[in-house]
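**Student:** Below is the file structure_12.cif, which contains mmCIF, C-alpha atoms.
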data_input
#
loop_
_atom_site.label_atom_id
_atom_site.label_comp_id
_atom_site.auth_asym_id
_atom_site.auth_seq_id
_atom_site.Cartn_x
_atom_site.Cartn_y
_atom_site.Cartn_z
CA MET A 1 0.00 0.00 0.00
CA THR A 2 1.37 3.43 -0.95
CA ARG A 3 1.84 5.74 2.03
CA ARG A 4 0.56 9.27 1.65
CA CYS A 5 1.46 12.53 3.33
CA ARG A 6 -0.49 13.18 6.53
CA GLY A 7 -0.96 16.78 5.40
CA CYS A 8 -1.46 17.06 1.64
CA ALA A 9 -2.22 13.37 0.90
CA LYS A 10 0.45 13.21 -1.82
CA SER A 11 2.76 10.20 -1.97
CA ALA A 12 6.06 12.06 -2.39
CA LEU A 13 7.58 10.98 0.93
CA VAL A 14 11.30 10.51 1.61
CA PRO A 15 12.94 9.19 4.81
CA VAL A 16 15.06 11.81 6.61
CA LEU A 17 15.70 10.22 10.03
CA ASP A 18 15.59 6.53 10.95
CA LEU A 19 16.21 5.43 14.55
CA GLY A 20 15.61 1.78 13.81
CA SER A 21 13.67 -0.06 16.53
CA VAL A 22 13.33 1.61 19.93
CA PRO A 23 11.06 1.31 22.99
CA ALA A 24 7.68 3.02 23.10
CA ALA A 25 8.22 6.45 24.65
CA ASP A 26 5.17 6.41 26.91
CA HIS A 27 5.25 2.89 28.38
CA PHE A 28 7.33 2.68 31.57
CA PRO A 29 7.57 -0.91 32.85
CA PRO A 30 7.69 -1.75 36.57
CA ARG A 31 11.16 -1.43 38.03
CA ASP A 32 11.75 -5.16 38.43
CA ALA A 33 10.09 -6.27 35.18
CA PRO A 34 12.64 -8.04 32.95
CA VAL A 35 13.92 -6.20 29.88
CA THR A 36 12.77 -8.12 26.81
CA ASP A 37 13.87 -7.98 23.19
CA THR A 38 10.35 -7.09 22.06
CA GLU A 39 10.28 -4.05 24.37
CA SER A 40 12.64 -2.18 22.03
CA GLY A 41 11.05 -3.46 18.84
CA HIS A 42 9.07 -0.45 17.65
CA PRO A 43 10.28 1.13 14.36
CA LEU A 44 10.72 4.90 14.55
CA ARG A 45 11.31 6.95 11.40
CA MET A 46 10.69 10.50 10.20
CA ASP A 47 9.63 11.08 6.60
CA GLN A 48 9.26 14.39 4.82
CA CYS A 49 6.84 15.27 2.04
CA THR A 50 8.58 16.77 -0.96
CA THR A 51 5.33 18.45 -2.01
CA CYS A 52 4.20 20.35 1.10
CA GLY A 53 7.32 19.99 3.25
CA LEU A 54 5.62 18.40 6.27
CA ALA A 55 7.97 16.25 8.35
CA GLN A 56 6.03 13.39 9.86
CA LEU A 57 6.10 10.11 11.72
CA ALA A 58 6.28 7.29 9.18
CA ASP A 59 4.37 4.64 11.12
CA ASP A 60 3.38 3.94 14.70
CA ASP A 61 2.76 0.41 15.94
CA THR A 62 2.57 1.45 19.61
CA VAL A 63 -0.55 1.80 21.74
CA THR A 64 -0.52 5.23 23.33
CA ALA A 65 -0.64 5.13 27.13
CA GLU A 66 -1.85 7.90 29.38
CA PRO A 67 1.14 10.14 30.13
CA HIS A 68 2.26 10.63 33.70
CA GLY A 69 4.32 13.77 33.25
CA ILE A 70 4.31 16.88 35.42
CA GLU A 71 4.01 20.17 33.54
CA PRO A 72 7.33 22.03 33.98
CA ARG A 73 7.37 25.54 35.42
CA ALA A 74 9.08 26.73 32.22
CA LEU A 75 6.00 25.70 30.24
CA ARG A 76 3.63 27.47 32.64
CA ASP A 77 5.71 30.64 32.61
CA GLN A 78 5.86 30.67 28.83
CA ALA A 79 2.09 30.23 28.56
CA ALA A 80 1.51 33.29 30.75
CA GLU A 81 3.96 35.32 28.67
CA ALA A 82 2.28 34.19 25.44
CA VAL A 83 -1.20 35.19 26.57
CA GLY A 84 0.15 38.61 27.52
CA LEU A 85 1.68 39.07 24.08
CA VAL A 86 -1.48 38.01 22.27
CA ARG A 87 -3.50 40.43 24.38
CA SER A 88 -1.05 43.28 23.68
CA ALA A 89 -1.45 42.59 19.97
CA GLY A 90 -5.19 43.17 20.27
CA LEU A 91 -6.09 39.61 19.31
CA LEU A 92 -7.92 38.57 22.50
CA ARG A 93 -11.32 39.71 21.31
CA GLY A 94 -14.69 38.26 22.26
CA SER A 95 -15.70 36.18 25.25
CA THR A 96 -15.56 32.47 24.38
CA VAL A 97 -12.65 30.06 24.16
CA THR A 98 -12.11 26.45 23.07
CA GLU A 99 -8.91 24.55 23.86
CA PHE A 100 -7.61 21.52 22.01
CA GLY A 101 -5.43 20.12 24.76
CA SER A 102 -2.20 18.18 24.61
CA PRO A 103 -2.22 14.63 26.04
CA HIS A 104 0.83 15.72 28.05
CA GLY A 105 -1.32 18.06 30.14
CA GLY A 106 -1.24 21.77 30.81
CA THR A 107 -3.93 24.31 29.96
CA TRP A 108 -4.22 27.99 29.09
CA LEU A 109 -7.88 28.20 30.12
CA PRO A 110 -7.28 29.76 33.57
CA LEU A 111 -5.12 32.43 31.91
CA LEU A 112 -7.91 33.25 29.46
CA ALA A 113 -10.47 33.27 32.28
CA GLU A 114 -8.51 36.11 33.88
CA HIS A 115 -9.31 38.12 30.74
CA GLY A 116 -13.03 37.38 30.86
CA PHE A 117 -13.19 34.33 28.59
CA ALA A 118 -15.43 31.34 29.28
CA GLU A 119 -15.36 27.97 27.55
CA SER A 120 -17.67 27.77 24.59
CA ALA A 121 -20.66 25.57 25.39
CA SER A 122 -21.44 24.98 21.72
CA GLY A 123 -20.49 26.36 18.35
CA PRO A 124 -17.35 28.20 17.24
CA ALA A 125 -15.33 30.18 19.80
CA ASP A 126 -13.74 33.62 19.59
CA VAL A 127 -10.37 32.19 20.66
CA VAL A 128 -9.23 28.65 19.90
CA LEU A 129 -6.09 27.28 21.56
CA ASP A 130 -3.79 24.45 20.53
CA CYS A 131 -0.55 24.23 22.48
CA PHE A 132 1.50 21.21 21.33
CA GLY A 133 -1.73 19.28 20.76
CA ILE A 134 -2.21 19.02 17.01
CA MET A 135 1.05 17.11 16.47
CA HIS A 136 -0.67 14.12 18.09
CA GLU A 137 -3.25 13.82 15.28
CA PRO A 138 -2.46 11.13 12.67
CA ASP A 139 -4.56 12.84 9.98
CA GLN A 140 -3.18 16.36 9.89
CA ARG A 141 -5.45 17.65 7.15
CA VAL A 142 -8.57 16.69 9.10
CA ALA A 143 -7.12 18.03 12.37
CA PHE A 144 -6.60 21.52 10.92
CA ALA A 145 -10.07 21.48 9.38
CA VAL A 146 -11.56 20.65 12.78
CA ARG A 147 -9.75 23.54 14.45
CA ALA A 148 -10.79 25.92 11.70
CA ALA A 149 -14.42 24.89 12.17
CA ALA A 150 -14.08 25.53 15.91
CA THR A 151 -12.94 29.13 15.30
CA ALA A 152 -15.58 31.87 14.93
CA PRO A 153 -15.59 33.80 11.61
CA ASP A 154 -13.87 36.80 13.23
CA GLY A 155 -12.01 34.74 15.81
CA VAL A 156 -8.37 33.73 16.19
CA LEU A 157 -6.73 30.33 16.28
CA LEU A 158 -3.53 30.18 18.36
CA VAL A 159 -1.20 27.31 17.46
CA GLN A 160 2.02 26.67 19.37
CA TYR A 161 4.59 24.17 18.10
CA HIS A 162 8.17 23.02 18.52
CA SER A 163 9.93 24.34 15.44
CA LEU A 164 11.40 21.81 13.00
CA ALA A 165 14.08 24.39 12.22
CA THR A 166 15.09 24.31 15.90
CA ILE A 167 15.08 20.52 15.96
CA VAL A 168 17.47 20.46 13.00
CA ALA A 169 19.71 23.39 14.01
CA GLN A 170 20.19 22.07 17.55
CA GLY A 171 20.35 18.39 16.64
CA GLN A 172 17.29 17.49 18.70
CA TRP A 173 16.80 14.16 16.94
CA ASN A 174 15.16 12.62 20.01
CA ALA A 175 12.20 14.96 19.58
CA LEU A 176 11.10 12.22 17.16
CA ARG A 177 8.86 9.85 19.09
CA HIS A 178 5.86 7.60 18.72
CA GLY A 179 2.55 9.43 19.02
CA HIS A 180 3.99 12.68 17.59
CA PHE A 181 2.80 12.54 14.00
CA ALA A 182 3.98 15.93 12.67
CA TYR A 183 7.03 18.23 12.99
CA TYR A 184 6.29 21.69 11.67
CA SER A 185 7.98 24.29 9.58
CA LEU A 186 6.21 27.57 8.87
CA ARG A 187 6.08 26.59 5.20
CA ALA A 188 4.23 23.37 5.94
CA LEU A 189 1.89 25.05 8.40
CA ARG A 190 0.94 27.76 5.92
CA THR A 191 -0.01 25.04 3.44
CA LEU A 192 -2.05 23.11 5.99
CA LEU A 193 -3.83 26.25 7.19
CA ARG A 194 -4.52 27.45 3.65
CA GLY A 195 -6.21 24.14 2.99
CA ALA A 196 -8.46 24.84 5.97
CA GLY A 197 -9.30 28.33 4.68
CA MET A 198 -7.09 30.19 7.16
CA SER A 199 -3.91 32.29 7.08
CA VAL A 200 -1.17 33.23 9.51
CA VAL A 201 -1.23 36.88 10.58
CA THR A 202 1.55 37.10 13.19
CA ALA A 203 4.03 34.98 15.13
CA TRP A 204 5.96 34.99 18.40
CA GLU A 205 9.08 32.99 19.20
CA PHE A 206 10.08 31.60 22.60
CA GLU A 207 13.18 29.87 24.00
CA LEU A 208 11.16 26.93 25.35
CA TYR A 209 12.56 23.58 24.08
CA GLY A 210 15.30 25.56 22.34
CA GLY A 211 12.82 27.28 20.03
CA THR A 212 9.04 27.21 19.92
CA VAL A 213 6.66 29.33 17.88
CA LEU A 214 3.15 30.63 18.53
CA LEU A 215 1.10 31.55 15.47
CA ALA A 216 -2.03 33.69 15.37
CA VAL A 217 -4.28 32.49 12.55
CA ARG A 218 -7.51 33.90 11.11
CA HIS A 219 -10.11 32.84 8.58
CA GLY A 220 -9.67 34.14 5.06
CA ASP A 221 -6.76 35.54 3.12
CA HIS A 222 -4.74 37.93 5.29
CA ALA A 223 -1.29 39.40 4.82
CA SER A 224 1.35 38.21 7.30
CA ASP A 225 3.24 40.79 9.30
CA ILE A 226 7.02 41.18 9.40
CA SER A 227 7.46 38.69 12.27
CA VAL A 228 6.12 35.89 10.07
CA GLU A 229 8.24 36.80 7.08
CA ARG A 230 11.39 37.00 9.20
CA LEU A 231 10.65 33.61 10.72
CA PHE A 232 10.08 32.13 7.27
CA ALA A 233 13.43 33.48 6.06
CA ARG A 234 15.38 32.33 9.12
CA GLU A 235 14.16 28.75 9.07
CA ALA A 236 15.12 28.09 5.45
CA PRO A 237 18.82 27.17 6.05
CA SER A 238 17.97 24.60 8.73
CA LEU A 239 15.18 23.04 6.73
CA SER A 240 17.56 22.35 3.86
CA ALA A 241 19.62 20.15 6.19
CA VAL A 242 16.95 17.95 7.81
CA ASP A 243 18.76 14.77 6.77
CA ALA A 244 21.81 15.90 8.80
CA LEU A 245 19.93 14.73 11.90
CA GLN A 246 20.95 11.16 11.07
CA GLU A 247 24.64 11.95 11.57
CA THR A 248 23.83 13.75 14.83
CA VAL A 249 22.20 10.61 16.24
CA ASP A 250 25.31 8.48 15.88
CA HIS A 251 27.60 11.09 17.40
CA HIS A 252 25.24 11.82 20.29
CA ILE A 253 24.77 8.24 21.44
CA ARG A 254 28.47 7.41 21.09
CA THR A 255 29.47 10.47 23.09
CA LEU A 256 26.92 9.84 25.82
CA HIS A 257 27.88 6.17 26.17
CA ALA A 258 31.57 7.08 26.42
CA TRP A 259 30.77 9.73 29.07
CA MET A 260 28.83 7.20 31.17
CA GLU A 261 31.60 4.64 30.83
CA THR A 262 34.21 7.18 31.92
CA GLY A 263 32.15 8.10 34.98
CA ALA A 264 31.74 4.45 35.94
CA ALA A 265 35.47 3.75 35.46
CA GLN A 266 36.28 6.65 37.78
CA GLY A 267 33.93 5.32 40.42
CA HIS A 268 31.51 8.25 40.14
CA ARG A 269 27.90 7.97 41.27
CA VAL A 270 26.22 8.98 37.99
CA TYR A 271 22.48 9.71 37.85
CA ALA A 272 20.13 11.53 35.50
CA TYR A 273 17.11 13.76 35.96
CA GLY A 274 14.07 13.74 33.67
CA ALA A 275 12.35 10.52 32.57
CA ALA A 276 10.84 12.43 29.66
CA SER A 277 9.76 10.82 26.41
CA ARG A 278 12.78 12.19 24.56
CA ALA A 279 15.07 10.48 27.09
CA VAL A 280 13.66 7.05 26.26
CA ALA A 281 15.28 6.52 22.85
CA LEU A 282 18.40 8.40 23.96
CA LEU A 283 19.21 6.21 26.98
CA SER A 284 18.15 2.98 25.30
CA MET A 285 20.24 3.61 22.18
CA ALA A 286 23.21 4.79 24.28
CA GLY A 287 23.23 1.45 26.10
CA ALA A 288 22.43 2.79 29.56
CA HIS A 289 22.25 0.25 32.38
CA ARG A 290 22.59 0.31 36.16
CA GLY A 291 26.32 -0.21 35.95
CA LEU A 292 26.65 3.09 34.06
CA LEU A 293 23.65 5.07 35.24
CA ALA A 294 22.38 4.35 38.74
CA GLY A 295 18.96 5.94 38.32
CA VAL A 296 16.84 8.61 36.66
CA ALA A 297 14.93 10.98 38.93
CA ASP A 298 11.56 12.37 37.93
CA ALA A 299 8.94 14.44 39.74
CA SER A 300 6.06 12.36 38.37
CA PRO A 301 4.77 9.89 40.99
CA GLY A 302 3.36 7.77 38.14
CA LYS A 303 6.87 7.10 36.82
CA GLN A 304 8.60 6.51 40.14
CA GLY A 305 8.98 2.80 40.84
CA CYS A 306 9.25 2.08 37.12
CA ARG A 307 12.33 1.85 34.93
CA MET A 308 13.47 3.55 31.73
CA PRO A 309 12.13 1.55 28.77
CA GLY A 310 14.69 -0.67 27.09
CA THR A 311 17.03 -0.45 30.11
CA ASP A 312 17.18 -1.69 33.70
CA VAL A 313 17.74 1.87 35.01
CA PRO A 314 15.22 2.64 37.78
CA ILE A 315 13.17 5.84 37.98
CA ILE A 316 13.39 7.40 41.43
CA SER A 317 12.00 10.45 43.20
CA PRO A 318 13.90 13.74 43.47
CA ALA A 319 14.19 13.13 47.23
CA ASP A 320 15.82 9.75 46.57
CA LEU A 321 18.22 11.43 44.15
CA VAL A 322 19.37 13.87 46.84
CA ALA A 323 19.70 11.02 49.36
CA ALA A 324 21.89 9.09 46.92
CA ASP A 325 24.43 11.94 47.04
CA PRO A 326 25.38 11.67 43.34
CA ASP A 327 28.68 12.94 42.00
CA VAL A 328 27.06 14.11 38.78
CA VAL A 329 23.49 14.39 37.43
CA LEU A 330 22.74 14.43 33.70
CA LEU A 331 19.78 16.71 32.97
CA THR A 332 17.92 15.26 29.99
CA LEU A 333 15.75 18.39 29.49
CA PRO A 334 17.68 21.68 29.61
CA ASP A 335 14.44 23.65 30.15
CA LEU A 336 14.21 22.12 33.63
CA LEU A 337 17.49 23.62 34.85
CA ALA A 338 16.08 26.70 36.60
CA GLU A 339 13.33 24.67 38.26
CA VAL A 340 15.51 21.80 39.51
CA SER A 341 18.32 24.12 40.58
CA ALA A 342 15.89 26.05 42.76
CA GLY A 343 14.13 22.94 44.06
CA LEU A 344 17.24 20.81 44.67
CA PRO A 345 19.92 23.23 45.94
CA GLU A 346 21.81 20.27 47.46
CA LEU A 347 22.86 19.30 43.94
CA ASP A 348 24.36 22.65 43.03
CA GLY A 349 27.52 22.19 40.97
CA ARG A 350 26.73 18.60 40.01
CA TRP A 351 24.48 19.21 37.00
CA MET A 352 25.48 18.31 33.47
CA ILE A 353 23.28 19.20 30.48
CA ASP A 354 22.67 16.52 27.85
CA ASP A 355 23.75 17.85 24.47
CA PRO A 356 24.27 16.22 21.06
CA ALA A 357 27.90 17.36 21.20
CA GLY A 358 28.34 15.69 24.60
CA PRO A 359 27.31 16.40 28.22
CA ARG A 360 28.28 19.93 29.27
CA LYS A 361 28.26 22.16 32.30
CA PRO A 362 25.29 24.58 32.54
#
Please express the file's structure as structure tokens.

**Tutor:**
Amino acid sequence: MTRRCRGCAKSALVPVLDLGSVPAADHFPPRDAPVTDTESGHPLRMDQCTTCGLAQLADDDTVTAEPHGIEPRALRDQAAEAVGLVRSAGLLRGSTVTEFGSPHGGTWLPLLAEHGFAESASGPADVVLDCFGIMHEPDQRVAFAVRAAATAPDGVLLVQYHSLATIVAQGQWNALRHGHFAYYSLRALRTLLRGAGMSVVTAWEFELYGGTVLLAVRHGDHASDISVERLFAREAPSLSAVDALQETVDHHIRTLHAWMETGAAQGHRVYAYGAASRAVALLSMAGAHRGLLAGVADASPGKQGCRMPGTDVPIISPADLVAADPDVVLLTLPDLLAEVSAGLPELDGRWMIDDPAGPRKP
């Protein structure tokens, strides 16, 4: 059967990143459950459409589990900043709001309530929100049509996404995961939105995840402002090098494995913090095990008592991490640094940031 683009339905798809077979990113086995060969047997590949430019998950043979993550403070702070910027731009008009949530949690509804908005009981809303939610929809064309239909004729659709240009420029290959069906460039988003009868009017960029974008979108044919055109121009160089992510993978996992081996050889107590989905493929492919990595701390009670998929490395609580008195802690999500530094002052000076070029000091 010929595979077709999740966005434009054309069949001009080319592979750009292939991680082989890895564990499912949202299934955390019990700590003492044996590691099996089938656990890491889920193919994970990114394709890109040569017609519309949408980067997308090739296939997904996993069964999505309910996530157990805790929304980071960085995400909450960025949401508050974003709502303030949209309001300053004069785009928070009307009184009703609809939110298409992300399965990873978090909501902007309380922030909109502070500005007098109430959830729409029925029919289109004046403001429609989608923060990292639409990437989870297998049929992208239908997903954008649904959000367009939910937006009132004079309303605004706000779409926030992790930029594909950022993923490429910063070598964030482990942003590719099961359940995330699309990875957006502005070019691809404009095409998807045009198909739904909408156009981008302005954009804001944030440092979250190394580079995220919030678009304001309206029905009809509207001219984009200078922020959109600048973003479009800046992302072009990175998007021409998407296939370079494959080389980054090999270097990253080799470097991380060598770093863990060096720590173990020196007798260091090496731990990590952040049992996030993007850490699953990373630690599994880097060959992490208890002899190299004693544990991964995470604030989510639902993950504590489990282990990292594809490894025997246990997931522990932040309190257990402090009690273990580690020599060094690898932070798998750089955005957590401010939060964990403030919450775990006992570990000051022991943090190392995971980076495709190799673990580094903050």

**Student:** Within 12 Å of region 80-93 of chain A, counting all atoms listed in the file, which residues qualify if same-chain residues fewer than 6 places away don't, as an MDAnalysis selection string?

**Tutor:** chainID A and resid 73:74 106:117 125:129 131 152 154:160 201:208 212:218 225

**Student:** Could the residues in this selection be written to a file with C-alpha atoms, as a PDB file, in the coordinates of the input?

**Tutor:**
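Final output, saved to again-v6.pdb:
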ATOM      1  CA  ARG A  73       7.370  25.540  35.420  1.00  0.00           C
ATOM      2  CA  ALA A  74       9.080  26.730  32.220  1.00  0.00           C
ATOM      3  CA  GLY A 106      -1.240  21.770  30.810  1.00  0.00           C
ATOM      4  CA  THR A 107      -3.930  24.310  29.960  1.00  0.00           C
ATOM      5  CA  TRP A 108      -4.220  27.990  29.090  1.00  0.00           C
ATOM      6  CA  LEU A 109      -7.880  28.200  30.120  1.00  0.00           C
ATOM      7  CA  PRO A 110      -7.280  29.760  33.570  1.00  0.00           C
ATOM      8  CA  LEU A 111      -5.120  32.430  31.910  1.00  0.00           C
ATOM      9  CA  LEU A 112      -7.910  33.250  29.460  1.00  0.00           C
ATOM     10  CA  ALA A 113     -10.470  33.270  32.280  1.00  0.00           C
ATOM     11  CA  GLU A 114      -8.510  36.110  33.880  1.00  0.00           C
ATOM     12  CA  HIS A 115      -9.310  38.120  30.740  1.00  0.00           C
ATOM     13  CA  GLY A 116     -13.030  37.380  30.860  1.00  0.00           C
ATOM     14  CA  PHE A 117     -13.190  34.330  28.590  1.00  0.00           C
ATOM     15  CA  ALA A 125     -15.330  30.180  19.800  1.00  0.00           C
ATOM     16  CA  ASP A 126     -13.740  33.620  19.590  1.00  0.00           C
ATOM     17  CA  VAL A 127     -10.370  32.190  20.660  1.00  0.00           C
ATOM     18  CA  VAL A 128      -9.230  28.650  19.900  1.00  0.00           C
ATOM     19  CA  LEU A 129      -6.090  27.280  21.560  1.00  0.00           C
ATOM     20  CA  CYS A 131      -0.550  24.230  22.480  1.00  0.00           C
ATOM     21  CA  ALA A 152     -15.580  31.870  14.930  1.00  0.00           C
ATOM     22  CA  ASP A 154     -13.870  36.800  13.230  1.00  0.00           C
ATOM     23  CA  GLY A 155     -12.010  34.740  15.810  1.00  0.00           C
ATOM     24  CA  VAL A 156      -8.370  33.730  16.190  1.00  0.00           C
ATOM     25  CA  LEU A 157      -6.730  30.330  16.280  1.00  0.00           C
ATOM     26  CA  LEU A 158      -3.530  30.180  18.360  1.00  0.00           C
ATOM     27  CA  VAL A 159      -1.200  27.310  17.460  1.00  0.00           C
ATOM     28  CA  GLN A 160       2.020  26.670  19.370  1.00  0.00           C
ATOM     29  CA  VAL A 201      -1.230  36.880  10.580  1.00  0.00           C
ATOM     30  CA  THR A 202       1.550  37.100  13.190  1.00  0.00           C
ATOM     31  CA  ALA A 203       4.030  34.980  15.130  1.00  0.00           C
ATOM     32  CA  TRP A 204       5.960  34.990  18.400  1.00  0.00           C
ATOM     33  CA  GLU A 205       9.080  32.990  19.200  1.00  0.00           C
ATOM     34  CA  PHE A 206      10.080  31.600  22.600  1.00  0.00           C
ATOM     35  CA  GLU A 207      13.180  29.870  24.000  1.00  0.00           C
ATOM     36  CA  LEU A 208      11.160  26.930  25.350  1.00  0.00           C
ATOM     37  CA  THR A 212       9.040  27.210  19.920  1.00  0.00           C
ATOM     38  CA  VAL A 213       6.660  29.330  17.880  1.00  0.00           C
ATOM     39  CA  LEU A 214       3.150  30.630  18.530  1.00  0.00           C
ATOM     40  CA  LEU A 215       1.100  31.550  15.470  1.00  0.00           C
ATOM     41  CA  ALA A 216      -2.030  33.690  15.370  1.00  0.00           C
ATOM     42  CA  VAL A 217      -4.280  32.490  12.550  1.00  0.00           C
ATOM     43  CA  ARG A 218      -7.510  33.900  11.110  1.00  0.00           C
ATOM     44  CA  ASP A 225       3.240  40.790   9.300  1.00  0.00           C
TER      45      ASP A 225
END

**Student:** As an exercise, work out the distance from CA of Ala175 (chain A) to CA of Gln304 (chain A) in Å and give it to one decimal place.

**Tutor:**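 For CA of Ala175 (chain A) relative to CA of Gln304 (chain A), the distance reads 22.5 Å.
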
**Student:** One number please: CA of Thr38 (chain A) to CA of Ala288 (chain A), in Å, one decimal.

**Tutor:**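 Taking CA of Thr38 (chain A) as the start and CA of Ala288 (chain A) as the end point, the length is 17.3 Å.
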
**Student:** Given the file shown, determine the residues that the PyMOL selection byres ((chain A and resi 284) around 10) selects; report them as a ChimeraX atom specification.

**Tutor:** /A:22-23,40,253,279-283,285-289,308-313

**Student:** Would you translate the PyMOL selection byres ((chain A and resi 178-189) around 9) into the concrete set of residues it matches in this file, as a ChimeraX atom specification?

**Tutor:** /A:6-7,24-26,42-44,46,52-64,134-140,161-165,167,175-177,190-194,200,228,231-232,235,239

**Student:** Output C-alpha atoms for every residue in that selection, as a PDB file, in the coordinates of the input.

**Tutor:**
ATOM      1  CA  ARG A   6      -0.490  13.180   6.530  1.00  0.00           C
ATOM      2  CA  GLY A   7      -0.960  16.780   5.400  1.00  0.00           C
ATOM      3  CA  ALA A  24       7.680   3.020  23.100  1.00  0.00           C
ATOM      4  CA  ALA A  25       8.220   6.450  24.650  1.00  0.00           C
ATOM      5  CA  ASP A  26       5.170   6.410  26.910  1.00  0.00           C
ATOM      6  CA  HIS A  42       9.070  -0.450  17.650  1.00  0.00           C
ATOM      7  CA  PRO A  43      10.280   1.130  14.360  1.00  0.00           C
ATOM      8  CA  LEU A  44      10.720   4.900  14.550  1.00  0.00           C
ATOM      9  CA  MET A  46      10.690  10.500  10.200  1.00  0.00           C
ATOM     10  CA  CYS A  52       4.200  20.350   1.100  1.00  0.00           C
ATOM     11  CA  GLY A  53       7.320  19.990   3.250  1.00  0.00           C
ATOM     12  CA  LEU A  54       5.620  18.400   6.270  1.00  0.00           C
ATOM     13  CA  ALA A  55       7.970  16.250   8.350  1.00  0.00           C
ATOM     14  CA  GLN A  56       6.030  13.390   9.860  1.00  0.00           C
ATOM     15  CA  LEU A  57       6.100  10.110  11.720  1.00  0.00           C
ATOM     16  CA  ALA A  58       6.280   7.290   9.180  1.00  0.00           C
ATOM     17  CA  ASP A  59       4.370   4.640  11.120  1.00  0.00           C
ATOM     18  CA  ASP A  60       3.380   3.940  14.700  1.00  0.00           C
ATOM     19  CA  ASP A  61       2.760   0.410  15.940  1.00  0.00           C
ATOM     20  CA  THR A  62       2.570   1.450  19.610  1.00  0.00           C
ATOM     21  CA  VAL A  63      -0.550   1.800  21.740  1.00  0.00           C
ATOM     22  CA  THR A  64      -0.520   5.230  23.330  1.00  0.00           C
ATOM     23  CA  ILE A 134      -2.210  19.020  17.010  1.00  0.00           C
ATOM     24  CA  MET A 135       1.050  17.110  16.470  1.00  0.00           C
ATOM     25  CA  HIS A 136      -0.670  14.120  18.090  1.00  0.00           C
ATOM     26  CA  GLU A 137      -3.250  13.820  15.280  1.00  0.00           C
ATOM     27  CA  PRO A 138      -2.460  11.130  12.670  1.00  0.00           C
ATOM     28  CA  ASP A 139      -4.560  12.840   9.980  1.00  0.00           C
ATOM     29  CA  GLN A 140      -3.180  16.360   9.890  1.00  0.00           C
ATOM     30  CA  TYR A 161       4.590  24.170  18.100  1.00  0.00           C
ATOM     31  CA  HIS A 162       8.170  23.020  18.520  1.00  0.00           C
ATOM     32  CA  SER A 163       9.930  24.340  15.440  1.00  0.00           C
ATOM     33  CA  LEU A 164      11.400  21.810  13.000  1.00  0.00           C
ATOM     34  CA  ALA A 165      14.080  24.390  12.220  1.00  0.00           C
ATOM     35  CA  ILE A 167      15.080  20.520  15.960  1.00  0.00           C
ATOM     36  CA  ALA A 175      12.200  14.960  19.580  1.00  0.00           C
ATOM     37  CA  LEU A 176      11.100  12.220  17.160  1.00  0.00           C
ATOM     38  CA  ARG A 177       8.860   9.850  19.090  1.00  0.00           C
ATOM     39  CA  ARG A 190       0.940  27.760   5.920  1.00  0.00           C
ATOM     40  CA  THR A 191      -0.010  25.040   3.440  1.00  0.00           C
ATOM     41  CA  LEU A 192      -2.050  23.110   5.990  1.00  0.00           C
ATOM     42  CA  LEU A 193      -3.830  26.250   7.190  1.00  0.00           C
ATOM     43  CA  ARG A 194      -4.520  27.450   3.650  1.00  0.00           C
ATOM     44  CA  VAL A 200      -1.170  33.230   9.510  1.00  0.00           C
ATOM     45  CA  VAL A 228       6.120  35.890  10.070  1.00  0.00           C
ATOM     46  CA  LEU A 231      10.650  33.610  10.720  1.00  0.00           C
ATOM     47  CA  PHE A 232      10.080  32.130   7.270  1.00  0.00           C
ATOM     48  CA  GLU A 235      14.160  28.750   9.070  1.00  0.00           C
ATOM     49  CA  LEU A 239      15.180  23.040   6.730  1.00  0.00           C
TER      50      LEU A 239
END

**Student:** For this file, the PyMOL selection byres ((chain A and resi 330) around 7) selects which residues, as a PyMOL selection string?

**Tutor:** chain A and resi 271-273+328-329+331-332+351-354

**Student:** Using C-alpha atoms, can you write the selected residues to a file as a PDB file, in the coordinates of the input?

**Tutor:**
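selection.pdb, written as the output of this step:
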ATOM      1  CA  TYR A 271      22.480   9.710  37.850  1.00  0.00           C
ATOM      2  CA  ALA A 272      20.130  11.530  35.500  1.00  0.00           C
ATOM      3  CA  TYR A 273      17.110  13.760  35.960  1.00  0.00           C
ATOM      4  CA  VAL A 328      27.060  14.110  38.780  1.00  0.00           C
ATOM      5  CA  VAL A 329      23.490  14.390  37.430  1.00  0.00           C
ATOM      6  CA  LEU A 331      19.780  16.710  32.970  1.00  0.00           C
ATOM      7  CA  THR A 332      17.920  15.260  29.990  1.00  0.00           C
ATOM      8  CA  TRP A 351      24.480  19.210  37.000  1.00  0.00           C
ATOM      9  CA  MET A 352      25.480  18.310  33.470  1.00  0.00           C
ATOM     10  CA  ILE A 353      23.280  19.200  30.480  1.00  0.00           C
ATOM     11  CA  ASP A 354      22.670  16.520  27.850  1.00  0.00           C
TER      12      ASP A 354
END

**Student:** If we count all atoms listed in the file, what is near Asp327 (chain A) at a cut-off of 12 Å, once residues fewer than 3 positions away on the same chain are taken out, given as a PyMOL selection string?

**Tutor:** chain A and resi 263-264+266-272+293-294+321-324+330+346-352

**Student:** Using all atoms listed in the file for the distances, tell me which of A:Ile70, A:Ala9, A:Val249, A:Leu344 is nearest to Asp325 (chain A).

**Tutor:**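 Using all atoms listed in the file, Asp325 (chain A) sits closest to A:Leu344.
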
**Student:** What gap, in Å, lies between CA of Ser224 (chain A) and CA of Ser120 (chain A)?

**Tutor:** 27.7 Å

**Student:** Using all atoms listed in the file, find the one residue out of A:Ala338, A:Cys5, A:Ile226, A:Ala196 that sits nearest to Thr151 (chain A).

**Tutor:**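 Ranking A:Ala338, A:Cys5, A:Ile226, A:Ala196 by distance to Thr151 (chain A), first place goes to A:Ala196.
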